[in-house]
Each structure stands twice: as structure tokens, then as C-alpha cells.
>>> print(open('protein_30.csv').read())   # CSV, C-alpha atoms
chain,number,residue,atom,x,y,z
V,5,MET,CA,-79.3,-29.2,-32.6
V,6,ASP,CA,-77.3,-32.4,-32.3
V,7,VAL,CA,-74.2,-32.9,-30.2
V,8,HIS,CA,-71.8,-32.6,-33.2
V,9,SER,CA,-73.2,-29.4,-34.4
V,10,LEU,CA,-73.1,-28.0,-30.8
V,11,HIS,CA,-69.4,-28.9,-30.5
V,12,ARG,CA,-68.5,-27.5,-33.9
V,13,SER,CA,-70.1,-24.1,-33.7
V,14,PRO,CA,-67.5,-21.4,-33.4
V,15,GLY,CA,-68.7,-20.1,-30.0
V,16,ASN,CA,-68.8,-23.6,-28.5
V,17,ILE,CA,-65.3,-24.4,-29.8
V,18,LYS,CA,-64.0,-21.5,-27.8
V,19,ILE,CA,-65.8,-22.7,-24.7
V,20,LEU,CA,-64.4,-26.2,-25.1
V,21,VAL,CA,-60.9,-25.0,-25.8
V,22,GLY,CA,-61.1,-22.8,-22.7
V,23,ALA,CA,-62.4,-25.7,-20.6
V,24,ARG,CA,-59.5,-27.9,-21.8
V,25,LEU,CA,-57.0,-25.1,-21.0
V,26,VAL,CA,-58.5,-24.8,-17.5
V,27,TRP,CA,-58.1,-28.5,-16.9
V,28,PHE,CA,-54.5,-28.3,-18.1
V,29,ALA,CA,-53.6,-25.1,-16.3
V,30,ILE,CA,-54.9,-26.1,-12.9
V,31,PRO,CA,-52.5,-29.0,-12.4
V,32,VAL,CA,-49.6,-27.1,-13.9
V,33,ALA,CA,-50.3,-24.2,-11.6
V,34,VAL,CA,-50.4,-26.6,-8.6
V,35,LEU,CA,-47.2,-28.1,-9.7
V,36,LEU,CA,-45.5,-24.8,-10.2
V,37,SER,CA,-46.7,-23.4,-6.9
V,38,GLY,CA,-45.3,-26.5,-5.3
V,39,CYS,CA,-41.9,-25.7,-6.8
V,40,GLN,CA,-41.9,-22.0,-5.6
V,41,SER,CA,-40.7,-22.1,-2.1
V,42,VAL,CA,-38.4,-19.9,-0.1
V,43,HIS,CA,-34.7,-20.6,-0.7
V,44,ASN,CA,-34.0,-20.4,2.9
V,45,ALA,CA,-30.2,-20.2,2.8
V,46,ALA,CA,-27.6,-17.6,3.9
V,47,GLY,CA,-26.4,-15.2,1.2
V,48,THR,CA,-22.8,-14.8,0.2
V,49,PRO,CA,-21.1,-13.2,3.2
V,50,THR,CA,-19.4,-9.9,2.9
V,51,THR,CA,-15.6,-10.3,3.1
V,52,TYR,CA,-13.5,-7.7,4.9
V,53,ASN,CA,-10.1,-7.3,3.2
V,54,ASP,CA,-6.9,-5.9,4.7
V,55,PRO,CA,-6.8,-2.5,3.0
V,56,SER,CA,-3.0,-2.5,3.2
V,57,ALA,CA,-2.8,-5.6,1.1
V,58,PRO,CA,-3.7,-6.1,-2.6
V,59,PRO,CA,-7.4,-6.9,-3.0
V,60,PRO,CA,-7.9,-10.6,-3.4
V,61,LEU,CA,-10.8,-10.6,-5.9
V,62,ALA,CA,-10.3,-7.6,-8.2
V,63,GLN,CA,-6.7,-6.4,-8.5
V,64,GLY,CA,-5.9,-4.2,-11.5
V,65,VAL,CA,-3.0,-2.1,-12.6
V,66,GLY,CA,-4.3,1.2,-11.2
V,67,ILE,CA,-3.9,2.9,-7.8
V,68,GLU,CA,-5.4,0.7,-5.1
V,69,SER,CA,-6.0,0.8,-1.4
V,70,GLN,CA,-2.5,-0.5,-0.5
V,71,ASP,CA,-0.9,2.1,-2.7
V,72,ILE,CA,-2.9,4.9,-1.1
V,73,ILE,CA,-2.1,3.8,2.4
V,74,GLY,CA,1.6,3.2,1.5
V,75,MET,CA,2.1,6.6,-0.3
V,76,THR,CA,0.4,8.7,2.4
V,77,ASP,CA,2.3,6.9,5.2
V,78,GLN,CA,5.6,7.5,3.4
V,79,MET,CA,4.8,11.2,2.6
V,80,MET,CA,3.7,11.8,6.2
V,81,ARG,CA,6.8,10.4,7.7
V,82,ASP,CA,9.0,12.2,5.2
V,83,ILE,CA,7.3,15.6,5.9
V,84,LEU,CA,7.7,15.2,9.6
V,85,SER,CA,11.4,14.5,9.1
V,86,ASN,CA,11.9,17.8,7.2
V,87,PRO,CA,13.2,20.5,9.7
V,88,ARG,CA,11.8,23.3,7.6
V,89,LEU,CA,8.2,22.0,8.0
V,90,ALA,CA,8.3,20.1,11.3
V,91,ALA,CA,11.0,21.7,13.5
V,92,GLN,CA,10.3,25.4,13.5
V,93,GLN,CA,10.0,27.5,16.6
V,94,LYS,CA,6.7,28.8,15.3
V,95,PRO,CA,4.8,25.9,13.7
V,96,PRO,CA,4.1,26.7,10.0
V,97,ARG,CA,0.6,26.9,8.7
V,98,VAL,CA,0.0,24.2,6.0
V,99,ILE,CA,-2.9,23.7,3.6
V,100,ILE,CA,-3.4,20.1,2.3
V,101,ASP,CA,-6.3,19.5,0.0
V,102,SER,CA,-6.8,18.4,-3.6
V,103,GLU,CA,-7.3,21.8,-5.1
V,104,TYR,CA,-3.8,21.8,-6.7
V,105,PHE,CA,-3.4,18.0,-6.8
V,106,VAL,CA,-4.2,17.0,-10.3
V,107,ASN,CA,-4.8,13.6,-11.9
V,108,GLU,CA,-3.4,13.2,-15.4
V,109,SER,CA,-3.1,9.5,-15.3
V,110,ALA,CA,-5.2,6.8,-16.9
V,111,SER,CA,-6.5,5.7,-13.4
V,112,ARG,CA,-9.9,6.9,-12.4
V,113,ILE,CA,-9.5,8.0,-8.8
V,114,ASN,CA,-11.0,10.5,-6.4
V,115,LYS,CA,-8.0,12.7,-5.5
V,116,ASN,CA,-9.5,13.5,-2.1
V,117,ILE,CA,-8.9,9.9,-0.9
V,118,ILE,CA,-5.2,10.7,-1.1
V,119,THR,CA,-5.1,14.3,0.2
V,120,ASP,CA,-7.7,13.7,2.9
V,121,ARG,CA,-5.8,10.7,4.3
V,122,LEU,CA,-2.5,12.6,4.2
V,123,ARG,CA,-3.9,15.6,6.0
V,124,VAL,CA,-5.7,13.7,8.7
V,125,GLU,CA,-2.8,11.4,9.4
V,126,LEU,CA,-0.3,14.2,9.3
V,127,ASN,CA,-2.5,16.3,11.6
V,128,ARG,CA,-2.8,13.5,14.1
V,129,ALA,CA,1.0,12.7,14.0
V,130,ALA,CA,2.3,16.3,14.0
V,131,VAL,CA,0.8,17.1,17.4
V,132,GLY,CA,1.6,20.8,17.2
V,133,ARG,CA,4.7,20.7,15.0
V,134,MET,CA,2.5,22.0,12.1
V,135,VAL,CA,-0.8,23.9,12.0
V,136,PHE,CA,-3.3,22.8,9.4
V,137,VAL,CA,-5.6,25.3,7.7
V,138,GLY,CA,-8.9,23.9,6.5
V,139,ARG,CA,-9.1,26.0,3.3
V,140,HIS,CA,-11.7,23.5,1.9
V,141,HIS,CA,-13.9,24.6,4.8
V,142,ALA,CA,-13.4,28.3,4.1
V,143,GLY,CA,-17.0,28.8,3.0
V,144,MET,CA,-18.4,27.2,6.2
V,145,VAL,CA,-16.1,29.5,8.4
V,146,GLU,CA,-17.0,32.6,6.4
V,147,HIS,CA,-20.8,31.9,6.9
V,148,GLU,CA,-20.4,31.5,10.7
V,149,ARG,CA,-18.2,34.6,11.0
V,150,LYS,CA,-20.8,36.6,9.1
V,151,ILE,CA,-23.8,35.5,11.3
V,152,LYS,CA,-21.8,36.1,14.4
V,153,ARG,CA,-20.9,39.7,13.3
V,154,ASP,CA,-24.5,40.3,12.1
V,155,GLY,CA,-25.8,39.4,15.5
V,156,VAL,CA,-27.7,36.4,14.3
V,157,ALA,CA,-25.5,34.1,16.4
V,158,ASP,CA,-23.5,35.0,19.5
V,159,LYS,CA,-19.7,35.3,19.6
V,160,GLY,CA,-19.0,31.8,20.9
V,161,THR,CA,-16.2,31.1,23.4
V,162,VAL,CA,-13.2,31.5,21.1
V,163,ALA,CA,-11.8,35.0,20.7
V,164,PRO,CA,-12.7,36.6,17.3
V,165,THR,CA,-9.9,37.1,14.8
V,166,ALA,CA,-9.5,39.8,12.2
V,167,ALA,CA,-9.6,37.3,9.4
V,168,GLN,CA,-9.3,33.6,8.6
V,169,MET,CA,-5.9,32.0,9.0
V,170,GLY,CA,-3.5,32.4,6.1
V,171,GLY,CA,-1.4,29.5,4.9
V,172,ASP,CA,2.4,29.4,4.7
V,173,TYR,CA,2.7,26.3,2.6
V,174,ARG,CA,0.3,24.4,0.4
V,175,LEU,CA,0.3,20.9,-1.1
V,176,GLY,CA,0.5,20.5,-4.9
V,177,GLY,CA,1.1,17.4,-6.8
V,178,ARG,CA,0.3,15.3,-9.9
V,179,ILE,CA,-0.7,11.8,-10.7
V,180,THR,CA,0.7,10.6,-14.1
V,181,SER,CA,0.9,7.2,-15.8
V,182,GLN,CA,2.3,5.4,-18.8
V,183,ASP,CA,0.3,2.5,-20.2
V,184,ALA,CA,1.4,-0.5,-22.3
V,185,ARG,CA,-0.9,-3.3,-23.6
V,186,ALA,CA,0.0,-6.4,-25.6
V,187,PRO,CA,-2.6,-6.6,-28.4
V,188,LYS,CA,-2.3,-10.4,-28.7
V,189,THR,CA,-2.7,-11.4,-25.1
V,190,GLY,CA,-4.5,-8.3,-23.7
V,191,ALA,CA,-2.0,-8.1,-20.9
V,192,ALA,CA,-1.7,-4.6,-19.5
V,193,THR,CA,1.1,-2.8,-17.7
V,194,ARG,CA,0.9,0.6,-16.1
V,195,PHE,CA,3.6,2.7,-14.6
V,196,SER,CA,2.1,5.2,-12.1
V,197,GLN,CA,3.9,8.1,-10.6
V,198,ILE,CA,2.5,10.3,-7.9
V,199,THR,CA,4.4,13.5,-6.9
V,200,PHE,CA,3.8,15.6,-3.9
V,201,GLU,CA,5.3,19.1,-3.4
V,202,MET,CA,4.9,21.6,-0.6
V,203,ILE,CA,5.0,25.2,-2.0
V,204,ASP,CA,5.9,28.4,-0.1
V,205,LEU,CA,2.8,30.6,-0.6
V,206,GLU,CA,4.8,33.8,-0.5
V,207,SER,CA,7.8,33.0,-2.7
V,208,GLY,CA,6.7,30.0,-4.6
V,209,GLU,CA,9.7,28.0,-3.5
V,210,ILE,CA,9.2,24.2,-3.3
V,211,VAL,CA,10.4,23.4,0.2
V,212,TRP,CA,9.7,19.7,0.2
V,213,SER,CA,9.1,17.0,-2.5
V,214,GLY,CA,8.1,13.4,-2.3
V,215,MET,CA,7.4,10.8,-4.9
V,216,TYR,CA,5.7,7.4,-5.0
V,217,ALA,CA,6.0,5.2,-8.1
V,218,PHE,CA,5.1,1.7,-9.0
V,219,SER,CA,4.5,-0.5,-12.1
V,220,LYS,CA,1.9,-3.2,-12.2
V,221,SER,CA,1.1,-5.9,-14.8
V,222,GLN,CA,-2.2,-7.8,-15.1
V,223,GLN,CA,-3.7,-10.0,-17.7
V,224,ASP,CA,-7.0,-8.2,-17.7
V,225,ASP,CA,-7.4,-4.8,-16.0
V,226,VAL,CA,-10.3,-4.3,-13.7
V,227,ILE,CA,-12.8,-1.4,-13.8
V,228,TYR,CA,-12.3,1.2,-11.1
V,229,ARG,CA,-15.4,3.2,-10.0
D,4,MET,CA,62.1,-39.7,-25.7
D,5,ASN,CA,60.9,-36.4,-27.1
D,6,ARG,CA,57.7,-37.9,-28.3
D,7,HIS,CA,57.1,-39.5,-24.9
D,8,ALA,CA,57.7,-36.1,-23.2
D,9,ILE,CA,55.3,-34.4,-25.6
D,10,VAL,CA,52.5,-37.0,-24.9
D,11,LYS,CA,53.1,-36.6,-21.1
D,12,GLY,CA,53.0,-32.8,-21.4
D,13,SER,CA,49.8,-32.9,-23.5
D,14,THR,CA,48.1,-35.2,-21.0
D,15,VAL,CA,49.0,-32.9,-18.1
D,16,LEU,CA,47.8,-29.9,-20.1
D,17,VAL,CA,44.4,-31.5,-20.9
D,18,MET,CA,44.0,-32.5,-17.3
D,19,PHE,CA,44.8,-29.0,-16.1
D,20,LEU,CA,42.4,-27.5,-18.6
D,21,SER,CA,39.6,-29.9,-17.8
D,22,ALA,CA,40.1,-29.3,-14.0
D,23,SER,CA,40.0,-25.6,-14.5
D,24,ALA,CA,36.9,-25.9,-16.5
D,25,CYS,CA,35.2,-27.7,-13.6
D,26,GLN,CA,35.9,-24.8,-11.1
D,27,HIS,CA,32.6,-23.2,-10.4
D,28,MET,CA,32.9,-19.6,-9.2
D,29,GLU,CA,29.9,-18.2,-7.3
D,30,PRO,CA,29.4,-14.5,-7.9
D,31,ALA,CA,28.8,-12.3,-4.9
D,32,PRO,CA,26.9,-12.4,-2.6
D,33,ILE,CA,27.7,-15.8,-1.1
D,34,CYS,CA,25.2,-16.3,1.6
D,35,ASP,CA,26.0,-19.0,4.1
D,36,MET,CA,22.5,-19.6,5.4
D,37,GLY,CA,23.7,-22.0,8.1
D,38,ALA,CA,26.0,-19.4,9.5
D,39,ILE,CA,23.3,-16.7,9.2
D,40,ALA,CA,20.8,-18.9,11.0
D,41,SER,CA,23.3,-19.6,13.8
D,42,GLN,CA,23.6,-15.8,14.4
D,43,ARG,CA,19.9,-15.6,15.2
D,44,THR,CA,20.0,-15.1,18.9
D,45,LEU,CA,17.1,-15.9,21.1
D,46,VAL,CA,16.8,-12.7,23.1
D,47,SER,CA,14.4,-12.5,26.1
D,48,VAL,CA,12.4,-9.4,25.8
D,49,PRO,CA,10.7,-7.8,28.8
D,50,ALA,CA,7.5,-9.3,29.8
D,51,ALA,CA,4.2,-7.5,29.5
D,52,VAL,CA,3.8,-7.8,33.3
D,53,PRO,CA,6.9,-6.8,35.2
D,54,GLY,CA,8.5,-9.8,36.8
D,55,GLY,CA,6.7,-12.3,34.7
D,56,ALA,CA,8.4,-14.6,32.3
D,57,SER,CA,8.1,-13.6,28.7
D,58,PRO,CA,7.0,-16.1,26.1
D,59,LEU,CA,8.7,-14.1,23.4
D,60,GLN,CA,12.2,-15.2,22.7
D,61,GLU,CA,12.4,-14.2,19.1
D,62,MET,CA,12.0,-10.8,17.3
D,63,PRO,CA,14.4,-8.7,19.4
D,64,LEU,CA,14.1,-4.9,19.3
D,65,ASN,CA,16.4,-2.9,17.1
D,66,SER,CA,16.6,-5.6,14.5
D,67,VAL,CA,14.9,-6.9,11.3
D,68,SER,CA,12.9,-10.0,11.8
D,69,ILE,CA,12.1,-12.1,8.7
D,70,THR,CA,8.6,-13.4,9.4
D,71,ASP,CA,8.0,-15.2,6.2
D,72,HIS,CA,9.4,-18.7,5.7
D,73,ARG,CA,9.3,-18.2,1.9
D,74,ILE,CA,12.2,-15.7,2.0
D,75,LEU,CA,13.9,-16.9,5.1
D,76,ASN,CA,16.7,-18.6,3.2
D,77,LYS,CA,16.7,-16.2,0.3
D,78,VAL,CA,17.5,-12.8,1.7
D,79,TYR,CA,20.1,-11.7,4.2
D,80,VAL,CA,19.9,-8.5,6.2
D,81,ARG,CA,23.5,-7.2,6.3
D,82,ASN,CA,23.0,-4.5,8.8
D,83,VAL,CA,20.4,-2.2,10.3
D,84,THR,CA,21.2,1.2,11.7
D,85,ALA,CA,19.3,4.2,12.9
D,86,ARG,CA,20.0,7.9,13.4
D,87,ARG,CA,18.2,11.1,14.4
D,88,THR,CA,17.1,13.4,11.6
D,89,PRO,CA,17.5,17.2,11.9
D,90,SER,CA,13.8,17.4,12.9
D,91,GLY,CA,14.4,14.9,15.7
D,92,THR,CA,12.6,11.9,14.2
D,93,VAL,CA,14.4,8.6,13.9
D,94,GLU,CA,15.5,7.3,10.5
D,95,LEU,CA,16.5,3.7,10.2
D,96,TYR,CA,18.2,1.9,7.3
D,97,ALA,CA,18.4,-1.8,6.7
D,98,GLN,CA,20.5,-3.2,3.9
D,99,VAL,CA,18.9,-6.3,2.4
D,100,ILE,CA,20.7,-8.7,0.1
D,101,ASN,CA,19.0,-11.0,-2.4
D,102,CYS,CA,21.1,-14.2,-2.3
D,103,THR,CA,19.2,-15.9,-5.2
D,104,ASP,CA,19.6,-15.8,-8.9
D,105,HIS,CA,16.0,-14.6,-9.2
D,106,PRO,CA,14.3,-11.2,-8.8
D,107,LEU,CA,12.6,-10.9,-5.4
D,108,GLN,CA,10.2,-8.4,-3.9
D,109,THR,CA,10.0,-8.0,-0.1
D,110,GLU,CA,7.8,-5.8,2.1
D,111,ALA,CA,8.8,-4.4,5.4
D,112,ARG,CA,7.2,-2.3,8.1
D,113,THR,CA,8.4,-0.8,11.3
D,114,GLN,CA,7.1,-0.4,14.8
D,115,PHE,CA,8.8,2.3,16.9
D,116,TYR,CA,8.8,2.0,20.7
D,117,ASP,CA,9.2,4.4,23.5
D,118,ALA,CA,11.5,4.1,26.5
D,119,GLY,CA,9.2,1.7,28.2
D,120,GLN,CA,9.2,-0.5,25.1
D,121,ALA,CA,5.5,0.3,24.5
D,122,PRO,CA,4.5,1.2,20.9
D,123,ALA,CA,5.1,4.9,20.5
D,124,GLU,CA,3.0,5.3,17.4
D,125,PRO,CA,1.0,3.4,14.8
D,126,VAL,CA,3.0,0.8,12.9
D,127,SER,CA,4.2,2.1,9.5
D,128,ALA,CA,2.7,0.9,6.2
D,129,TRP,CA,4.2,-2.0,4.4
D,130,LYS,CA,6.9,-0.7,2.1
D,131,ARG,CA,7.9,-2.7,-1.0
D,132,LEU,CA,11.6,-3.4,-1.8
D,133,TYR,CA,12.7,-4.5,-5.2
D,134,LEU,CA,15.7,-6.8,-5.3
D,135,PRO,CA,17.1,-7.9,-8.7
D,136,PRO,CA,19.1,-11.1,-8.6
D,137,ARG,CA,22.2,-11.0,-6.3
D,138,THR,CA,21.8,-7.3,-5.4
D,139,SER,CA,21.2,-5.3,-2.3
D,140,ASN,CA,18.7,-2.6,-1.6
D,141,ILE,CA,18.0,-0.3,1.3
D,142,TYR,CA,14.8,-0.3,3.4
D,143,ARG,CA,14.4,3.1,4.9
D,144,GLU,CA,11.8,4.3,7.4
D,145,PHE,CA,11.1,7.4,9.5
D,146,SER,CA,9.4,7.6,12.8
D,147,LEU,CA,6.6,10.1,13.4
D,148,GLY,CA,7.7,10.9,16.9
D,149,THR,CA,10.9,12.6,18.1
D,150,THR,CA,12.3,12.3,21.6
D,151,SER,CA,9.7,9.6,22.5
D,152,ILE,CA,11.4,7.0,20.2
D,153,HIS,CA,13.9,4.7,21.8
D,154,ALA,CA,13.7,1.4,19.9
D,155,TYR,CA,12.2,-0.1,16.8
D,156,MET,CA,11.5,-3.5,15.3
D,157,VAL,CA,11.2,-4.2,11.6
D,158,GLU,CA,9.1,-7.1,10.1
D,159,MET,CA,9.9,-8.4,6.7
D,160,ARG,CA,7.9,-10.6,4.4
D,161,GLU,CA,7.8,-11.5,0.7
D,162,GLY,CA,6.0,-9.0,-1.4
D,163,GLU,CA,2.6,-10.3,-2.7
>>> encode(input="protein_30.csv", output="C-alpha cells")
Amino acid sequence: MDVHSLHRSPGNIKILVGARLVWFAIPVAVLLSGCQSVHNAAGTPTTYNDPSAPPPLAQGVGIESQDIIGMTDQMMRDILSNPRLAAQQKPPRVIIDSEYFVNESASRINKNIITDRLRVELNRAAVGRMVFVGRHHAGMVEHERKIKRDGVADKGTVAPTAAQMGGDYRLGGRITSQDARAPKTGAATRFSQITFEMIDLESGEIVWSGMYAFSKSQQDDVIYR
Amino acid sequence: MNRHAIVKGSTVLVMFLSASACQHMEPAPICDMGAIASQRTLVSVPAAVPGGASPLQEMPLNSVSITDHRILNKVYVRNVTARRTPSGTVELYAQVINCTDHPLQTEARTQFYDAGQAPAEPVSAWKRLYLPPRTSNIYREFSLGTTSIHAYMVEMREGE
């Protein structure tokens, strides 16, 4: 078997090609491994924004942090200036949650972010002028009452009551919006209106109303999640 | 003679008409910013430490302080008043005038103080005020507290 026949046999051709590839692959691998090093640099730092100011990087036409802070602050101050709610000899019992606070707007928003903030800030500011009933925690209270009465848990230190606290007034409200978009430019405008109402839970009378409205325009709206 | 009188009369008429055309009437409000600036009094406020000298000469209590140079010569705070609401909280009003021919947006917030001039409650949220050209609008704010409120201070800046 001569050299030429050895080189040209199918099995030997595979071996030769493989050998050439190895000779090619080794320096390439060495080169590549030389390029792969740790990019030892600091990442983009997280930026804290002032929640009471428009977001600097992603401002859209929907309800944003500065609107939530502004509207809850305005409603809280307005409620505390209402003598029927905040100047009674016997402080009224109030329920503030998102159960009857509906979102019919084009903005995607967790309604609890508004009602939770309003309830917490109002409770802190009212200091006894109003009593807040945690109806959204009714299940938790009921469970504890049951295991106390069943003898699973002891009675605690607070005197037992015949029933959970009933509410005198409850928050209702609605988020609505009107959108406009220019088809040529893509510019978007949204008018948003948020209404707040305090309802007498016996008569149905609306004893207090508040409204927060704004209109925003933006070339390209952002995506709210 | 008659022709000469007619020419004279026509000249006077043309001069009168041209002069009247040159009269430029500024619509209200006419804001004299120099006079407004001269009204800014430098009031010494009590020092943080009793007896010590206060470095603060500006931003007196029970007033509106414009803290943004972008609107310093554009808006005029005509008056600021406060009163008690039926529930005992304090309601303050400030009438703000846009002196320009352009729409403006301002933001304001209020800090209420107790009798010792310490902050009685958290500062209010910024509230936006829309001011079309040469119009006035009312900034209104309520306190949270009742009898504890004795003074206030309003900060105003341009709306972003």
C-alpha cells in the first residue's frame, strides 16, 4: 500500500480531516478562551425616584404614582374637613376598601393601591375622629372568634363582643377615562376621572363626594403592569 | 384759504389716527414685577435653638413662597387667607395670577405648623394648578389636624 493510496482511502481521509480540524480547533479554542474573561464592572445602578413626581424614564398617560399620592392626600384632607364624618360626638365607623371601587378606565391598575393608601393615611390622620372597620379582614376575624369560642384558643385579653363591628359608612367609587389617539403621529391623550363617595350603609345617602381628574398627552404611551 | 384749512385739518386727523393706533393697551392683569419683588419682606423666623440666630430670612409663615425661579416673574400671588372649617381643620386659599400670555401649570404644597412652629403633620402632596393665559386660579388646601394648627407655609413651583 503506497502513501497515496493510504491517504485516499475513505477511512484515512476521515482521520486526516479530523486531524486537520484538531490542529485548527486548538488555537481557535485557545484564542477564544483568552477572550472570555469576567467583565468586572458595576451594573447599572437602581435609581430611586420621588414617587410624588412624574417618573423620569417611563411616563405614560395613565394613573401614576404622583396621581395616586395626590388623589389620596386630597381625599383624606377633604374627608377630615367634613363635619358629618370627622366631627361627630360618637366617631362613625367607616369601611374603606376596593370592594365597591370599580375600574372602568383604559388604565390597568390595582385598585387596592388607591384604597389601601387612603385608608391607612386616613386612619393615621384621623386619630379617633373616625373608626375604621377592616371588612377585608372579616374572614380572619371570624376564624379567630370561632377557635376562641370552640376552646381551641383562649379568650385573649380584649373583652369578647357579640358580633363583629358593623359599618356606618362605606367607600364607593369609579375610575373612568376617555382616550384619543392621533392615527398619523401615534400621540395619545387620556382624560382620567376618579370619583370617591361615602355611602350611608343604612339609608344609602351619599354623605361625601370627592373627585380627582386630569388629562395627559404623550407621543407613545407606556405599558403599565 | 379753505383748501389750506382742509389740508391742515387732514394732517392733524392723520396724526391723531396714527398716534391712537400706536397706543398699546395691556389687558389685565398688569403685573409690576419690580413692585412685587420689593414687597418681598425678609422676615426673621424663630431659630431652631431658642436664642440662636436664624439663618432663614426668607419663606415666612402664613405666606406663599415661590421656590422656582422659572415662574418667579410669571405668577403673582394676590392673596392668601385661611379659615376654620366646621370640623375644625384649617382651610387655606391662595389666589394665583398668571401674568403671561401663555398657559402655565404650577404645583403647590402646604406644611402646617403648631403653636411652637414645629410641623404639626406631614406636608401635603403637590397639587397642580392650571392657569390659562392672564387668568387667576385658587390653590386650596386643608389641614389634617384641628386645634393643633396655628400657622402654615405654602411652597409653589412650576408644574413638571
>>> residues_around(input="protein_30.csv", residues="Ser90 of chain D", least_positions_apart="6", cutoff="8 Å", atoms="all atoms listed in the file", output="list in words")
Leu84, Ser85, Asn86, Pro87, Ala90 and Ala91 of chain V; Thr149 of chain D
>>> interface_residues(input="protein_30.csv", of="chain V", to="chain D", cutoff="10 Å", atoms="only C-alpha atoms", output="PyMOL selection string")
chain V and resi 56-58+70-71+73-78+80-92+126+129-131+133+218
>>> closest_residue(input="protein_30.csv", among="D:Asn101, D:Ser68, D:Asn76, D:Gln42", to="Met159 of chain D", atoms="all atoms listed in the file")
D:Ser68
>>> closest_residue(input="protein_30.csv", among="D:Thr113, D:Asn65, D:Thr70, D:Ser151", to="Val83 of chain D", atoms="all atoms listed in the file")
D:Asn65
>>> residues_around(input="protein_30.csv", residues="segment 138-153 of chain V", least_positions_apart="5", cutoff="10 Å", atoms="only C-alpha atoms", output="ChimeraX atom specification")
/V:98-103,123,158-160,164-165,167-171,174
>>> atom_distance(input="protein_30.csv", atom1="atom CA of Leu95 of chain D", atom2="atom CA of Arg81 of chain D")
13.5 Å
>>> atom_distance(input="protein_30.csv", atom1="atom CA of Thr48 of chain V", atom2="atom CA of Leu61 of chain V")
14.1 Å
>>> atom_distance(input="protein_30.csv", atom1="atom CA of Pro122 of chain D", atom2="atom CA of His153 of chain D")
10.1 Å
>>> residues_around(input="protein_30.csv", residues="Tyr228 of chain V", least_positions_apart="6", cutoff="12 Å", atoms="only C-alpha atoms", output="MDAnalysis selection string")
chainID V and resid 62:69 110:114
>>> residues_near_point(input="protein_30.csv", point="(0.4, 1.1, -23.2)", cutoff="12 Å", atoms="only C-alpha atoms", output="list in words")
Val65, Ala110, Ser181, Gln182, Asp183, Ala184, Arg185, Ala186, Pro187, Gly190, Ala191, Ala192, Thr193, Arg194, Phe195, Ser196, Ser219, Lys220 and Ser221 of chain V
>>> write_last_selection(input="protein_30.csv", atoms="C-alpha atoms", output="mmCIF file, keeping the file's coordinate frame")
data_model
loop_
_atom_site.group_PDB
_atom_site.id
_atom_site.type_symbol
_atom_site.label_atom_id
_atom_site.label_comp_id
_atom_site.auth_asym_id
_atom_site.auth_seq_id
_atom_site.Cartn_x
_atom_site.Cartn_y
_atom_site.Cartn_z
ATOM 1 C CA VAL V 65 -3.000 -2.100 -12.600
ATOM 2 C CA ALA V 110 -5.200 6.800 -16.900
ATOM 3 C CA SER V 181 0.900 7.200 -15.800
ATOM 4 C CA GLN V 182 2.300 5.400 -18.800
ATOM 5 C CA ASP V 183 0.300 2.500 -20.200
ATOM 6 C CA ALA V 184 1.400 -0.500 -22.300
ATOM 7 C CA ARG V 185 -0.900 -3.300 -23.600
ATOM 8 C CA ALA V 186 0.000 -6.400 -25.600
ATOM 9 C CA PRO V 187 -2.600 -6.600 -28.400
ATOM 10 C CA GLY V 190 -4.500 -8.300 -23.700
ATOM 11 C CA ALA V 191 -2.000 -8.100 -20.900
ATOM 12 C CA ALA V 192 -1.700 -4.600 -19.500
ATOM 13 C CA THR V 193 1.100 -2.800 -17.700
ATOM 14 C CA ARG V 194 0.900 0.600 -16.100
ATOM 15 C CA PHE V 195 3.600 2.700 -14.600
ATOM 16 C CA SER V 196 2.100 5.200 -12.100
ATOM 17 C CA SER V 219 4.500 -0.500 -12.100
ATOM 18 C CA LYS V 220 1.900 -3.200 -12.200
ATOM 19 C CA SER V 221 1.100 -5.900 -14.800
#
>>> build_atoms(input="protein_30.csv", residues="segment 63-77 of chain V", atoms="N, CA and C atoms", output="JSON list (two decimals), in the coordinates of the input")
[["chain", "number", "residue", "atom", "x", "y", "z"],
["V", 63, "GLN", "N", -7.92, -7.23, -8.51],
["V", 63, "GLN", "CA", -6.70, -6.40, -8.50],
["V", 63, "GLN", "C", -6.38, -6.04, -9.95],
["V", 64, "GLY", "N", -6.22, -4.75, -10.14],
["V", 64, "GLY", "CA", -5.90, -4.20, -11.50],
["V", 64, "GLY", "C", -4.54, -3.59, -11.49],
["V", 65, "VAL", "N", -4.35, -2.72, -12.48],
["V", 65, "VAL", "CA", -3.00, -2.10, -12.60],
["V", 65, "VAL", "C", -3.05, -0.64, -12.13],
["V", 66, "GLY", "N", -4.16, -0.18, -11.60],
["V", 66, "GLY", "CA", -4.30, 1.20, -11.20],
["V", 66, "GLY", "C", -3.89, 1.41, -9.71],
["V", 67, "ILE", "N", -4.24, 2.58, -9.20],
["V", 67, "ILE", "CA", -3.90, 2.90, -7.80],
["V", 67, "ILE", "C", -4.97, 2.26, -6.91],
["V", 68, "GLU", "N", -4.50, 1.47, -5.97],
["V", 68, "GLU", "CA", -5.40, 0.70, -5.10],
["V", 68, "GLU", "C", -5.16, 1.06, -3.64],
["V", 69, "SER", "N", -5.98, 0.45, -2.77],
["V", 69, "SER", "CA", -6.00, 0.80, -1.40],
["V", 69, "SER", "C", -4.56, 0.72, -0.75],
["V", 70, "GLN", "N", -3.85, -0.36, -1.07],
["V", 70, "GLN", "CA", -2.50, -0.50, -0.50],
["V", 70, "GLN", "C", -1.55, 0.54, -0.95],
["V", 71, "ASP", "N", -1.77, 1.05, -2.17],
["V", 71, "ASP", "CA", -0.90, 2.10, -2.70],
["V", 71, "ASP", "C", -1.24, 3.44, -1.96],
["V", 72, "ILE", "N", -2.53, 3.69, -1.74],
["V", 72, "ILE", "CA", -2.90, 4.90, -1.10],
["V", 72, "ILE", "C", -2.40, 4.96, 0.36],
["V", 73, "ILE", "N", -2.55, 3.84, 1.05],
["V", 73, "ILE", "CA", -2.10, 3.80, 2.40],
["V", 73, "ILE", "C", -0.53, 3.87, 2.45],
["V", 74, "GLY", "N", 0.12, 3.19, 1.52],
["V", 74, "GLY", "CA", 1.60, 3.20, 1.50],
["V", 74, "GLY", "C", 2.13, 4.60, 1.14],
["V", 75, "MET", "N", 1.52, 5.26, 0.16],
["V", 75, "MET", "CA", 2.10, 6.60, -0.30],
["V", 75, "MET", "C", 1.82, 7.64, 0.79],
["V", 76, "THR", "N", 0.64, 7.65, 1.40],
["V", 76, "THR", "CA", 0.40, 8.70, 2.40],
["V", 76, "THR", "C", 1.21, 8.48, 3.65],
["V", 77, "ASP", "N", 1.43, 7.23, 4.02],
["V", 77, "ASP", "CA", 2.30, 6.90, 5.20],
["V", 77, "ASP", "C", 3.71, 7.40, 4.91]]
